[in-house]
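Worksheet: the structure to be examined is printed underneath.
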Amino acid sequence: MVEQTARQLAEEILKSEYGQALIEAKKAYDEDPAAKQLLTEYVEKQEAFQNKLAMGTITDEEKDAYYDEMNKLNNDIKIYGTSGALYKAENEFNEYTQSIINIITAALQNAIAPENADSCTGSCGSCAGCH
């Protein structure tokens with residue numbers, strides 16, 4: 001019963017504006033070879049660096065250059081059309097799902113130990129989902 005309700009909740013989350021935005025952004029990204037190439041380049045550089053680190057053959061200057069290069073590439077990915085939109089949609093979706101998890105957690109904690117329940121401040125920004 002609970003598992004089925006969880007599946008239904010997941011379906012409703014995917015129907016939300018955040019779920020739909022993520023689905024659309026992922027579809028656009030999947031159809032954009034240039035965006036995929038940026039990510040492939042990032043992953044390949046990361047793997048090559050990890051291999052050098054494991055072998056112990058990298059200097060501090062190479063590390064600094066690598067981090068600078070990866071930061072630039074990461075920023076390029078974030079601002080590039082479809083990959084940037086996907087990055088934004090993923091972050092917003094993750095924040096949304098985390099807020100739902102927080103509501104469930106607070107409801108469970110309040111049910112188990114109502115004496116410890118925080119009182120509502122009226123500020124939804126700080127709300128853990130008490131009601």
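All residue names refer to the structure tokens as shown: chains lettered A, B, ... in order, residues numbered from 1 in each chain, ligands numbered from 1 in order.
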Hey, could you make a per-residue contact list for range 23-46 of chain A against range 82-106 of chain A with 10 Å as the cut-off, showing the nearest pair of atoms and its distance in Å to one decimal, counting only C-alpha atoms, sorted by chain and number, as a Markdown table?
| residue | atom | partner | partner_atom | distance |
| --- | --- | --- | --- | --- |
| A:Ile23 | CA | A:Ala89 | CA | 8.6 |
| A:Glu24 | CA | A:Leu86 | CA | 8.5 |
| A:Ala25 | CA | A:Leu86 | CA | 4.9 |
| A:Lys26 | CA | A:Leu86 | CA | 5.9 |
| A:Lys27 | CA | A:Leu86 | CA | 9.0 |
| A:Ala28 | CA | A:Thr82 | CA | 6.1 |
| A:Tyr29 | CA | A:Thr82 | CA | 5.0 |
| A:Asp30 | CA | A:Thr82 | CA | 8.7 |
| A:Glu31 | CA | A:Thr82 | CA | 9.0 |
| A:Asp32 | CA | A:Thr82 | CA | 7.2 |
| A:Ala34 | CA | A:Thr82 | CA | 9.3 |
| A:Ala35 | CA | A:Ser83 | CA | 5.7 |
| A:Lys36 | CA | A:Ser83 | CA | 7.9 |
| A:Leu38 | CA | A:Ser83 | CA | 8.7 |
| A:Leu39 | CA | A:Ser83 | CA | 8.5 |
Where does DSSP see helix (DSSP H, G or I) in chain A, if you list the residues as a count of residues only?
109
Can you write out as a Markdown table which residues of range 2-49 of chain A fall within 10 Å of range 67-75 of chain A, alongside each residue's closest atom pair and its distance in Å to one decimal, counting only C-alpha atoms and ordering rows by chain and ascending residue number?
| residue | atom | partner | partner_atom | distance |
| --- | --- | --- | --- | --- |
| A:Leu38 | CA | A:Leu73 | CA | 7.7 |
| A:Leu39 | CA | A:Asn74 | CA | 8.6 |
| A:Glu41 | CA | A:Leu73 | CA | 8.6 |
| A:Tyr42 | CA | A:Leu73 | CA | 6.7 |
| A:Val43 | CA | A:Met70 | CA | 9.8 |
| A:Lys45 | CA | A:Met70 | CA | 8.0 |
| A:Gln46 | CA | A:Met70 | CA | 8.0 |
| A:Phe49 | CA | A:Tyr67 | CA | 9.9 |
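As for CA of Leu108 in chain A and CA of Val2 in chain A, they are spaced 13.6 Å apart.
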CA of Gln20 in chain A to CA of Pro33 in chain A: how many Å, to one decimal?
21.9 Å
